[in-house]
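One structure is given here, and the rest of the page talks about it.
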Amino acid sequence: MQFENQVAVVAACGSDAGAVCALSHLRQGARVALYYDGESRLSVFRELSEEEKSRLLTIQISDFQDDGELKRAADRVKEAFGTCDIVVTAVTTMPREPGFAMSEAEYRRVMRTITNGALYTIQPLMPMMLEKNYGRIVLVSSLAGRTVLPGVAPVYAAANAALGGMARNIGCTMGTHFITGNAVAVGPLEDGSYKTGAVKEPEGILPGRAQGRLQDVAGAVEYFTSPLASWTTGETLDLNGGYFMV
């Protein structure tokens, strides 16, 4: 129960990765607020005990581009739990138009959902972390922001690369407050999320592990939010089965 007496806020949009991260923290003692984009995200919570249910707050977000809506969600977290120790953002979307012919509206939708969705989730929760001089922030991004993949829409690559930069900035500016910022860059996952849009989707090199499992993401996030990572900040962990190595 390594997260007992801690409060974790997890944003899950466009993927079940965030929901599985939330479940992992819940089962390890945390009080958890889940921001989610649709009822399907709640399916992983079907078999909770009554005690676990008492520590879970679910908040449906209609638009992760809306800073006002995410500020109101943060107010609900403060009202319910009083504080925030951990923030995990797994907010993603795939382009609906090809990169060479993408409209301005689609460009804005992809960029704002991924980058603003993460930033607007974190910003209103930061004062609670600063007040206690402690925090753990993890941004889940895509492999598309880490390396060249033919066919990927430029905006999708740029938005995910921005999450790595955001994590480094948090690590740099918030370190004096014992607040760490890190990122996890994932390859395509088993639920169909975090695909890159490449001509040929990346596959892991480990036998039988072409795609990542949702629990792989939860394990990486668990590390970054646990005491084991107390001296790790500004880093991006590549989680792609060995397809891309630095």
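Here's how to read the names in the structure tokens: chain A, B, ... by the order shown, residue numbers from 1 in each chain, ligand numbers from 1 in the order shown.
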Show which residues sit within 9 Å of A:Leu70, as a list of chain:residue names. Count only C-alpha atoms, and ignore same-chain residues fewer than 2 positions away. A:Tyr35, A:Ile61, A:Asp63, A:Phe64, A:Gln65, A:Asp66, A:Asp67, A:Gly68, A:Arg72, A:Ala73, A:Ala74, A:Asp75, A:Gly117, A:Tyr120, A:Thr121, A:Ile122, A:Pro124
With all heavy atoms retained, export the selected residues as a tab-separated table (two decimals), in the first residue's frame.
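The resulting file, again-v1.tsv, is shown below:
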chain	number	residue	atom	x	y	z
A	35	TYR	N	-10.36	11.76	-14.05
A	35	TYR	CA	-11.00	12.57	-15.08
A	35	TYR	C	-11.13	11.68	-16.30
A	35	TYR	O	-10.13	11.12	-16.77
A	35	TYR	CB	-10.13	13.77	-15.47
A	35	TYR	CG	-9.84	14.79	-14.40
A	35	TYR	CD1	-8.98	15.86	-14.68
A	35	TYR	CD2	-10.38	14.72	-13.11
A	35	TYR	CE1	-8.68	16.82	-13.74
A	35	TYR	CE2	-10.08	15.68	-12.15
A	35	TYR	CZ	-9.22	16.72	-12.47
A	35	TYR	OH	-8.91	17.67	-11.53
A	61	ILE	N	-15.22	14.63	-18.08
A	61	ILE	CA	-14.80	15.87	-18.73
A	61	ILE	C	-15.32	15.86	-20.16
A	61	ILE	O	-15.00	14.96	-20.94
A	61	ILE	CB	-13.26	16.02	-18.73
A	61	ILE	CG1	-12.70	15.93	-17.30
A	61	ILE	CG2	-12.85	17.31	-19.42
A	61	ILE	CD1	-13.14	17.05	-16.38
A	63	ASP	N	-14.72	18.22	-22.45
A	63	ASP	CA	-13.75	18.79	-23.39
A	63	ASP	C	-12.44	19.04	-22.67
A	63	ASP	O	-12.33	19.98	-21.87
A	63	ASP	CB	-14.31	20.09	-23.98
A	63	ASP	CG	-13.41	20.67	-25.06
A	63	ASP	OD1	-12.36	20.06	-25.37
A	63	ASP	OD2	-13.76	21.74	-25.59
A	64	PHE	N	-11.43	18.25	-22.98
A	64	PHE	CA	-10.12	18.43	-22.34
A	64	PHE	C	-9.37	19.64	-22.88
A	64	PHE	O	-8.25	19.92	-22.44
A	64	PHE	CB	-9.28	17.16	-22.51
A	64	PHE	CG	-9.55	16.11	-21.45
A	64	PHE	CD1	-10.56	15.18	-21.63
A	64	PHE	CD2	-8.81	16.08	-20.28
A	64	PHE	CE1	-10.83	14.22	-20.65
A	64	PHE	CE2	-9.06	15.13	-19.30
A	64	PHE	CZ	-10.08	14.20	-19.49
A	65	GLN	N	-9.96	20.37	-23.81
A	65	GLN	CA	-9.38	21.63	-24.28
A	65	GLN	C	-9.88	22.82	-23.46
A	65	GLN	O	-9.42	23.94	-23.65
A	65	GLN	CB	-9.75	21.86	-25.75
A	65	GLN	CG	-9.33	20.76	-26.70
A	65	GLN	CD	-9.82	21.00	-28.11
A	65	GLN	OE1	-9.50	22.03	-28.72
A	65	GLN	NE2	-10.61	20.09	-28.64
A	66	ASP	N	-10.81	22.58	-22.56
A	66	ASP	CA	-11.50	23.64	-21.82
A	66	ASP	C	-10.85	23.85	-20.45
A	66	ASP	O	-11.04	23.04	-19.54
A	66	ASP	CB	-12.97	23.26	-21.67
A	66	ASP	CG	-13.81	24.37	-21.05
A	66	ASP	OD1	-13.24	25.29	-20.42
A	66	ASP	OD2	-15.04	24.31	-21.19
A	67	ASP	N	-10.07	24.93	-20.30
A	67	ASP	CA	-9.39	25.16	-19.04
A	67	ASP	C	-10.37	25.42	-17.91
A	67	ASP	O	-10.13	25.03	-16.76
A	67	ASP	CB	-8.39	26.31	-19.16
A	67	ASP	CG	-9.05	27.64	-19.53
A	67	ASP	OD1	-10.10	27.62	-20.19
A	67	ASP	OD2	-8.49	28.69	-19.18
A	68	GLY	N	-11.51	26.05	-18.20
A	68	GLY	CA	-12.50	26.31	-17.17
A	68	GLY	C	-13.08	25.03	-16.60
A	68	GLY	O	-13.26	24.90	-15.38
A	72	ARG	N	-12.68	23.62	-12.69
A	72	ARG	CA	-13.81	23.19	-11.84
A	72	ARG	C	-13.60	21.77	-11.34
A	72	ARG	O	-13.97	21.45	-10.19
A	72	ARG	CB	-15.13	23.30	-12.63
A	72	ARG	CG	-15.53	24.74	-12.92
A	72	ARG	CD	-16.93	24.84	-13.49
A	72	ARG	NE	-17.03	24.28	-14.83
A	72	ARG	CZ	-16.77	24.93	-15.95
A	72	ARG	NH1	-16.36	26.20	-15.90
A	72	ARG	NH2	-16.92	24.36	-17.13
A	73	ALA	N	-12.99	20.92	-12.16
A	73	ALA	CA	-12.68	19.55	-11.73
A	73	ALA	C	-11.69	19.58	-10.58
A	73	ALA	O	-11.83	18.84	-9.60
A	73	ALA	CB	-12.13	18.75	-12.90
A	74	ALA	N	-10.67	20.44	-10.67
A	74	ALA	CA	-9.69	20.56	-9.59
A	74	ALA	C	-10.35	21.04	-8.30
A	74	ALA	O	-9.98	20.60	-7.20
A	74	ALA	CB	-8.57	21.52	-10.00
A	75	ASP	N	-11.32	21.93	-8.42
A	75	ASP	CA	-12.06	22.40	-7.24
A	75	ASP	C	-12.80	21.24	-6.57
A	75	ASP	O	-12.86	21.15	-5.34
A	75	ASP	CB	-13.06	23.49	-7.62
A	75	ASP	CG	-12.39	24.81	-7.99
A	75	ASP	OD1	-11.21	25.00	-7.60
A	75	ASP	OD2	-13.03	25.62	-8.67
A	117	GLY	N	-4.74	19.62	-22.92
A	117	GLY	CA	-5.37	18.67	-22.02
A	117	GLY	C	-4.47	18.32	-20.85
A	117	GLY	O	-4.91	18.23	-19.70
A	120	TYR	N	-3.78	21.91	-18.79
A	120	TYR	CA	-4.95	22.40	-18.04
A	120	TYR	C	-5.36	21.44	-16.93
A	120	TYR	O	-6.02	21.85	-15.97
A	120	TYR	CB	-6.12	22.62	-18.99
A	120	TYR	CG	-5.94	23.78	-19.95
A	120	TYR	CD1	-6.72	23.87	-21.11
A	120	TYR	CD2	-4.99	24.77	-19.73
A	120	TYR	CE1	-6.57	24.91	-22.00
A	120	TYR	CE2	-4.83	25.82	-20.62
A	120	TYR	CZ	-5.63	25.89	-21.76
A	120	TYR	OH	-5.48	26.93	-22.64
A	121	THR	N	-4.96	20.17	-17.04
A	121	THR	CA	-5.18	19.24	-15.93
A	121	THR	C	-4.24	19.57	-14.78
A	121	THR	O	-4.64	19.62	-13.61
A	121	THR	CB	-4.96	17.79	-16.39
A	121	THR	OG1	-5.96	17.43	-17.35
A	121	THR	CG2	-5.06	16.82	-15.21
A	122	ILE	N	-2.98	19.81	-15.12
A	122	ILE	CA	-1.94	20.01	-14.10
A	122	ILE	C	-2.05	21.37	-13.40
A	122	ILE	O	-1.96	21.46	-12.17
A	122	ILE	CB	-0.55	19.87	-14.74
A	122	ILE	CG1	-0.33	18.43	-15.23
A	122	ILE	CG2	0.55	20.25	-13.75
A	122	ILE	CD1	0.84	18.28	-16.19
A	124	PRO	N	-4.27	23.77	-12.40
A	124	PRO	CA	-5.07	24.12	-11.22
A	124	PRO	C	-4.82	23.23	-10.01
A	124	PRO	O	-5.27	23.55	-8.90
A	124	PRO	CB	-6.52	23.98	-11.72
A	124	PRO	CG	-6.44	23.01	-12.84
A	124	PRO	CD	-5.11	23.24	-13.49
Would you pick out the contacts of stretch 86-89 of chain A at 10 Å or less, using only C-alpha atoms, so that residues sharing its chain but fewer than 3 positions from it are not included, and give the list as a VMD selection string? chain A and resid 3 6 to 13 17 to 18 21 to 22 25 30 32 to 35 83 92 114 117 to 119 121 to 122 125 to 126 129 134 to 141 163 179 to 183 221 224 to 226
As a VMD selection string, please: the residues near stretch 184-201 of chain A (cut-off 9 Å, only C-alpha atoms, same-chain neighbours under 6 positions excluded). chain A and resid 14 to 17 92 to 95 138 to 146 149 to 153 156 to 157 160 164 210 to 214 217 220 to 221 235 to 241 243
One number please: atom CA of A:Gln60 to atom CA of A:Asp37, in Å, one decimal. 5.8 Å
Where does DSSP see helix (DSSP H, G or I) in stretch 117-183 of chain A, if you list the residues as number ranges by chain? A: 117-132, 143-145, 154-177
Just checking: using only C-alpha atoms, which residue out of A:Thr232, A:Arg96, A:Glu50, A:Ser62 ends up closest to A:Tyr36? A:Ser62
A:Val155, A:Val148, A:Val44, A:Val246: which is nearest A:Met102, counting only C-alpha atoms? A:Val155
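Residues in contact with A:Asn133 at up to 10 Å, not including ones fewer than 3 positions away on its chain and judged by only C-alpha atoms, are Asp85, Pro127, Met128, Met129, Leu130, Met174, Gly175, Thr176, His177, Phe178 and Ile179 of chain A.
When the distance limit is 12 Å and only C-alpha atoms are what count, the residues near A:Glu51, minus those fewer than 6 positions from it on the same chain, are Leu26, Arg27, Gly29, Ala30 and Arg31 of chain A.
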